[in-house]
Amino acid sequence: MKRSITVQIPEEKLSAIEMYLEQKNTTLAAELDKQVEQIYTKVVPQNVREYIELTAKQQIRRPRRAVDSPPKPEE
């Protein structure tokens, strides 16, 4: 599951950042994603990152049953 964060920045700075990033064919969101990954790698210990990766892979493999749909009646 992904979460969102909100950052406040003066409008003039944001406009300048977006303008120069556009010249480099990238976006602020892409650059922020890179920075967050660098911070995560720097701050979170390797064994914790491995555990998070392992549990994420296990959740992907498990088929989820829809909570809203009732089980099908047997005939």
# chains A, B, ... in the order shown; residues from 1 in each chain; ligands from 1

$ select_by_dssp --residues "segment 5-75 of chain A" --states "alpha helix (DSSP H)" --output "VMD selection string"
chain A and resid 11 to 23 28 to 43 46 to 61

$ closest_residue --among "A:Ile17, A:Glu53, A:Pro10, A:Asn47" --to "Leu32 of chain A" --atoms "only C-alpha atoms"
A:Ile17

$ closest_residue --among "A:Arg62, A:Gln35, A:Leu21, A:Ala56" --to "Met1 of chain A" --atoms "only C-alpha atoms"
A:Ala56

$ atom_distance --atom1 "atom CA of Glu22 of chain A" --atom2 "atom CA of Tyr40 of chain A"
25.7 Å

$ decode --residues "segment 42-55 of chain A" --atoms "N, CA and C atoms" --output "compact mmCIF listing (two decimals), in the first residue's frame"
# COMPACT_ATOMS: atom_id res chain seq x y z
N LYS A 42 19.36 4.82 3.02
CA LYS A 42 20.31 5.37 3.99
C LYS A 42 19.87 5.14 5.43
N VAL A 43 18.59 5.27 5.70
CA VAL A 43 18.09 5.29 7.07
C VAL A 43 17.65 3.91 7.58
N VAL A 44 16.99 3.13 6.73
CA VAL A 44 16.43 1.85 7.17
C VAL A 44 17.51 0.76 7.04
N PRO A 45 17.77 0.02 8.12
CA PRO A 45 18.79 -1.03 8.06
C PRO A 45 18.49 -2.08 6.99
N GLN A 46 19.54 -2.66 6.43
CA GLN A 46 19.43 -3.64 5.34
C GLN A 46 18.52 -4.80 5.72
N ASN A 47 18.66 -5.34 6.92
CA ASN A 47 17.84 -6.49 7.30
C ASN A 47 16.35 -6.13 7.36
N VAL A 48 16.04 -4.91 7.74
CA VAL A 48 14.64 -4.47 7.77
C VAL A 48 14.11 -4.31 6.35
N ARG A 49 14.93 -3.75 5.46
CA ARG A 49 14.52 -3.61 4.05
C ARG A 49 14.27 -4.98 3.43
N GLU A 50 15.12 -5.95 3.74
CA GLU A 50 14.94 -7.30 3.21
C GLU A 50 13.64 -7.91 3.74
N TYR A 51 13.35 -7.71 5.02
CA TYR A 51 12.12 -8.23 5.60
C TYR A 51 10.89 -7.60 4.92
N ILE A 52 10.93 -6.30 4.72
CA ILE A 52 9.80 -5.61 4.07
C ILE A 52 9.61 -6.13 2.65
N GLU A 53 10.70 -6.32 1.94
CA GLU A 53 10.62 -6.84 0.56
C GLU A 53 10.04 -8.25 0.55
N LEU A 54 10.49 -9.09 1.48
CA LEU A 54 10.00 -10.46 1.56
C LEU A 54 8.51 -10.50 1.86
N THR A 55 8.05 -9.73 2.83
CA THR A 55 6.63 -9.74 3.17
C THR A 55 5.79 -9.16 2.04
